[in-house]
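**Student:** Once you've had a glance at the structure underneath, I'll fire off some questions.
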Amino acid sequence: MNQVNYQRQLEQLLEGLNTAPTLFLHSCCAPCSSYVLEYLCRYFHITVFYYNPNISETEEYKKRVEEQKRLICAFNARKKGYPIAILEGDYEPEAFFEMSRGLEHCKEGSERCFRCYELRLRKTAQRAKEQGFEYFCTTLSVSPLKNAVRLNEIGQALSAEYEIPWLVSDFKKKNGYKRSVELSAEYELYRQNYCGCVFSKREREEQAK
């Protein structure tokens with residue numbers, strides 16, 4: 001069976017736009033969002049939704065959300081697309097630990113991560129529906145460590161459940177990840193070496209040893 005080309009589907013949608021719809025875009029961090037914002041701000045009125053209960057340490061969470069806000073301010077000052085807004089969700093790590101109970105020893109990129117995708121995307125879909133956005137999406141697929149097929153499957157299922165269009169995507173395509181690294185250097189962004197949860201941090205530390 002041929003793999004779905006999500007990037008091509010996205011390009012076809014963008015080519016067909018006559019106006020700039022509103023997009024509620026979940027972001028995991030400033031570095032991953034950098035390329036996605038640069039790419040999509042020409043087509044959408046974007047509100048970044050920063051909701052990441054998987055970030056287990058409060059100081060780490062604060063550092064990442066401030067970097068996200070700083071990047072958006074810098075992008076808006078460039079005026080190379082539609083202005084970008086940001087909405088910070090509740091910081092509720094207890095939701096992540098409840099979700100991951102029994103999955104503490106899963107490897108990164110397996111079932112615990114898929115459930116974490118669903119946790120964050122469900123909240124994104126709920127808020128997007130409540131506030132009348134025309135599309136919702138996430139920046140997560142820009143990372144080579146994130147499963148774009150599962151992300152899109154979850155997004156499409158939530159789209160049907162909440163009756164709001166999901167923006168199909170695989171942002172790592174067309175050198176998206178490479179561009180995010182370049183933009184991170186250009187804006188001197190804090191670029192963490194683990195996803196955010198205590199389990200991914202532990203795995204990185206073990207790999208470093």
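We label chains A, B, ... in the order they appear in the structure tokens, count residues from 1 in each chain, and number ligands from 1 in the order shown.
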Could you name the residues that touch A:Pro83 at 12 Å or less, counting only C-alpha atoms, but leaving out those on the same chain fewer than 2 positions away, as a compact mmCIF listing (two decimals) with N, CA and C atoms, in the first residue's frame?

**Tutor:**
# COMPACT_ATOMS: atom_id res chain seq x y z
N ALA A 20 -7.65 33.88 3.54
CA ALA A 20 -6.78 33.36 4.61
C ALA A 20 -7.65 32.87 5.76
N THR A 22 -8.63 30.94 9.42
CA THR A 22 -8.03 30.93 10.75
C THR A 22 -7.54 29.53 11.08
N LEU A 23 -6.39 29.46 11.71
CA LEU A 23 -5.76 28.18 12.05
C LEU A 23 -5.35 28.19 13.52
N LEU A 37 5.63 28.17 11.22
CA LEU A 37 5.09 29.52 11.22
C LEU A 37 5.55 30.30 9.99
N GLU A 38 6.81 30.17 9.66
CA GLU A 38 7.33 30.85 8.47
C GLU A 38 6.58 30.40 7.22
N LEU A 40 3.44 28.78 7.04
CA LEU A 40 1.98 28.91 7.01
C LEU A 40 1.45 30.32 7.22
N CYS A 41 2.26 31.23 7.76
CA CYS A 41 1.73 32.57 8.05
C CYS A 41 1.40 33.34 6.78
N ARG A 42 1.82 32.85 5.63
CA ARG A 42 1.45 33.48 4.35
C ARG A 42 0.06 33.06 3.90
N TYR A 43 -0.47 32.02 4.51
CA TYR A 43 -1.74 31.45 4.07
C TYR A 43 -2.86 31.54 5.11
N PHE A 44 -2.50 31.63 6.40
CA PHE A 44 -3.48 31.54 7.48
C PHE A 44 -3.32 32.66 8.49
N HIS A 45 -4.42 33.00 9.14
CA HIS A 45 -4.37 33.79 10.37
C HIS A 45 -4.16 32.78 11.50
N ILE A 46 -2.95 32.73 12.03
CA ILE A 46 -2.57 31.68 12.97
C ILE A 46 -2.66 32.16 14.41
N THR A 47 -3.24 31.33 15.24
CA THR A 47 -3.11 31.45 16.69
C THR A 47 -2.38 30.21 17.19
N VAL A 48 -1.22 30.41 17.75
CA VAL A 48 -0.46 29.31 18.32
C VAL A 48 -1.06 28.92 19.67
N ILE A 72 7.49 34.46 18.33
CA ILE A 72 6.31 35.03 17.67
C ILE A 72 6.44 36.54 17.56
N CYS A 73 6.92 37.19 18.60
CA CYS A 73 7.14 38.64 18.55
C CYS A 73 8.14 38.99 17.44
N ALA A 74 9.19 38.20 17.33
CA ALA A 74 10.20 38.45 16.29
C ALA A 74 9.62 38.25 14.90
N PHE A 75 8.83 37.21 14.72
CA PHE A 75 8.21 36.96 13.42
C PHE A 75 7.25 38.08 13.05
N ASN A 76 6.45 38.52 14.01
CA ASN A 76 5.49 39.59 13.72
C ASN A 76 6.21 40.88 13.35
N ALA A 77 7.36 41.13 13.95
CA ALA A 77 8.12 42.34 13.63
C ALA A 77 8.64 42.31 12.20
N ARG A 78 8.85 41.12 11.65
CA ARG A 78 9.34 40.99 10.28
C ARG A 78 8.27 41.32 9.25
N LYS A 79 7.01 41.14 9.61
CA LYS A 79 5.86 41.44 8.74
C LYS A 79 5.96 40.75 7.38
N LYS A 80 6.25 39.44 7.41
CA LYS A 80 6.36 38.68 6.17
C LYS A 80 5.16 37.75 5.96
N GLY A 81 4.13 37.95 6.77
CA GLY A 81 2.91 37.16 6.67
C GLY A 81 1.85 37.79 7.54
N ALA A 85 -0.86 35.20 16.58
CA ALA A 85 -1.25 35.36 17.98
C ALA A 85 -0.84 34.10 18.75
N ILE A 86 -0.90 34.18 20.07
CA ILE A 86 -0.59 33.00 20.89
C ILE A 86 -1.58 32.91 22.04

**Student:** Please identify the strand (DSSP E) residues within stretch 60-142 of chain A (assignment by DSSP from backbone atoms) and present them as a PyMOL selection string.

**Tutor:** chain A and resi 85-88+135-138

**Student:** Generate the output file for the selected residues, N, CA and C atoms, as an mmCIF file, in the first residue's frame.

**Tutor:**
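After the write, part-v6.cif holds the following:
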data_model
loop_
_atom_site.group_PDB
_atom_site.id
_atom_site.type_symbol
_atom_site.label_atom_id
_atom_site.label_comp_id
_atom_site.auth_asym_id
_atom_site.auth_seq_id
_atom_site.Cartn_x
_atom_site.Cartn_y
_atom_site.Cartn_z
ATOM 1 N N ALA A 85 -0.860 35.200 16.584
ATOM 2 C CA ALA A 85 -1.247 35.355 17.984
ATOM 3 C C ALA A 85 -0.836 34.100 18.753
ATOM 4 N N ILE A 86 -0.901 34.180 20.071
ATOM 5 C CA ILE A 86 -0.593 33.002 20.891
ATOM 6 C C ILE A 86 -1.581 32.907 22.041
ATOM 7 N N LEU A 87 -1.972 31.687 22.336
ATOM 8 C CA LEU A 87 -2.816 31.388 23.480
ATOM 9 C C LEU A 87 -2.116 30.301 24.289
ATOM 10 N N GLU A 88 -1.790 30.598 25.530
ATOM 11 C CA GLU A 88 -1.157 29.597 26.385
ATOM 12 C C GLU A 88 -2.229 28.808 27.114
ATOM 13 N N TYR A 135 -9.565 25.748 11.021
ATOM 14 C CA TYR A 135 -8.703 24.567 10.945
ATOM 15 C C TYR A 135 -7.951 24.427 12.270
ATOM 16 N N PHE A 136 -7.488 23.190 12.532
ATOM 17 C CA PHE A 136 -6.533 22.981 13.618
ATOM 18 C C PHE A 136 -5.425 22.065 13.130
ATOM 19 N N CYS A 137 -4.279 22.153 13.795
ATOM 20 C CA CYS A 137 -3.106 21.394 13.353
ATOM 21 C C CYS A 137 -2.078 21.411 14.486
ATOM 22 N N THR A 138 -0.940 20.764 14.258
ATOM 23 C CA THR A 138 0.156 20.771 15.212
ATOM 24 C C THR A 138 1.487 20.892 14.480
#

**Student:** What is the distance between atom CA of A:Glu60 and atom CA of A:Ala128, in Å to one decimal?

**Tutor:**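 Separation between atom CA of A:Glu60 and atom CA of A:Ala128: 25.9 Å.
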
**Student:** To one decimal place, how far is atom CA of A:Cys28 from atom CA of A:Lys209 in Å?

**Tutor:** 26.4 Å

**Student:** By how many Å are atom CA of A:Thr124 and atom CA of A:His26 apart?

**Tutor:** 6.4 Å
